[in-house]
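One structure is given below, encoded as structure tokens.
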Amino acid sequence: MPVTGLEPYDDQNIFARILRGEIPNKTVYEDECALAFHDISPQASVHVLVIPKGPYVSSVDFAARASDSEIAGFWRAVGKVAAALGLETEGYRLLSNHGLNAGQEVPHFHVHVFGGGPLGRMISANH
Ligand code: AMP
């Protein structure tokens, strides 16, 4: 089923299963608000996913339903991940797919962190 980012949270999604420890992951950083781990199919030299620990389907759902402390904690964690990966000086890219046009695959909000070298154009889709 395509992910719209607006459906109810599915607690069987792959990232929910990673959070429950049912599926292994290569953890980069973890705190009470967020877990960061290497993407299984990296699209750059460094490709890490940061996910909130709460059950949010998409960026829209996270912005609407997460508490202020969850939102602050999550974005602070993203910064800590970039620092832990040594990306702050050379730079990096953050990306989050919401729904159909963005091709969101996993219905648990996540931010991609890309780095490790020049990343090229921001997007390549025709428009
Ligand atoms: P998105 O298209 O934004 O929903 O991205 C989902 C990302 O999750 C893709 O980059 C996948 O390679 C990645 N992914 C899927 N399953 C796993 C997994 N078990 N561990 C790590 N990354 C995964």
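Residues in the structure tokens are named by chain (A, B, ... in the order shown) and by number from 1 within that chain; ligands are numbered from 1 in the order shown.
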
field: Residue set, region 13-127 of chain A restricted to strand (DSSP E or B), as number ranges by chain
entry: A: 27-30, 34-38, 46-52, 93-95, 111-115

- prompt: Within 8 Å of Tyr9 (chain A), counting only C-alpha atoms, which residues qualify if same-chain residues fewer than 4 places away don't, as an MDAnalysis selection string?
  reply: chainID A and resid 55:57 107:108

- line: In terms of only C-alpha atoms, the residue from A:Arg65, A:Lys26, A:His98, A:Arg93 at minimal distance from Met122 (chain A) is A:Arg93

Protein and nucleic acid residues within 6 Å of ligand 1 (only C-alpha atoms and all ligand atoms) as a list in words: Asn25, His38, Asp39, Ile40, Ser41, Ser96, Asn97, Gly103, Gln104, Glu105 and Val106 of chain A

message: Just want the 10 Å neighbourhood of region 67-78 of chain A, counted on only C-alpha atoms, with same-chain residues fewer than 6 positions away dropped. Output as an MDAnalysis selection string.
response: chainID A and resid 29:36 49:54 84 94 111:113

message: Write out as an MDAnalysis selection string the set of residues from region 3-122 of chain A that DSSP, computed on the backbone, places in helix (DSSP H, G or I).
response: chainID A and resid 14:19 59:65 68:84 99:102

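CA of Tyr92 (chain A) sits 25.1 Å away from CA of Leu19 (chain A).
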
message: Taking only C-alpha atoms into account, name the residue in A:Ala125, A:Val3, A:His47, A:Gly117 that is nearest to Thr89 (chain A).
response: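 When distances to Thr89 (chain A) are compared using only C-alpha atoms, the smallest one comes from A:Gly117.
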
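Among the candidate residues A:Gly99, A:Pro2, A:Gly86, A:Gly21, the one lying nearest to Val46 (chain A) is A:Gly86, with distances computed using only C-alpha atoms.
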
message: Nearest residue to Ile123 (chain A) out of A:Leu95, A:Leu100, A:Ile18, A:Val60, using only C-alpha atoms?
response: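 The answer is A:Leu95, which sits nearest to Ile123 (chain A).
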
- request: Find the residues near Ser45 (chain A): any atom within 9 Å, counting only C-alpha atoms, skip ones fewer than 6 places away on the same chain, and give them as a PyMOL selection string.
  value: chain A and resi 114-117

File dump, residues just selected, all heavy atoms, as a compact mmCIF listing (two decimals), in the first residue's frame:
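Written file, selection_27.txt:
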# COMPACT_ATOMS: atom_id res chain seq x y z
N PHE A 114 22.18 12.91 5.20
CA PHE A 114 23.12 12.51 4.15
C PHE A 114 24.41 13.32 4.29
O PHE A 114 24.36 14.52 4.55
CB PHE A 114 22.55 12.81 2.75
CG PHE A 114 21.29 12.09 2.41
CD1 PHE A 114 20.08 12.76 2.40
CD2 PHE A 114 21.30 10.75 2.07
CE1 PHE A 114 18.89 12.10 2.06
CE2 PHE A 114 20.13 10.09 1.73
CZ PHE A 114 18.93 10.76 1.73
N GLY A 115 25.54 12.69 4.06
CA GLY A 115 26.80 13.43 4.10
C GLY A 115 27.94 12.57 3.63
O GLY A 115 27.74 11.54 2.98
N GLY A 116 29.14 13.02 3.96
CA GLY A 116 30.34 12.26 3.61
C GLY A 116 30.96 12.68 2.30
O GLY A 116 31.96 12.10 1.87
N GLY A 117 30.42 13.70 1.65
CA GLY A 117 30.97 14.19 0.39
C GLY A 117 29.95 15.08 -0.28
O GLY A 117 28.81 15.20 0.21

query: Of the candidates A:Ala83, A:Leu6, A:Ile14, A:Val28, which one gets nearest to Phe62 (chain A) if we count only C-alpha atoms?
result: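 Residue with the minimum atom-to-atom distance to Phe62 (chain A): A:Leu6.
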
task: Could you please determine the separation between CA of Phe15 (chain A) and CA of His110 (chain A) in Å, to one decimal place?
output: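 Between CA of Phe15 (chain A) and CA of His110 (chain A) the gap is 9.1 Å.
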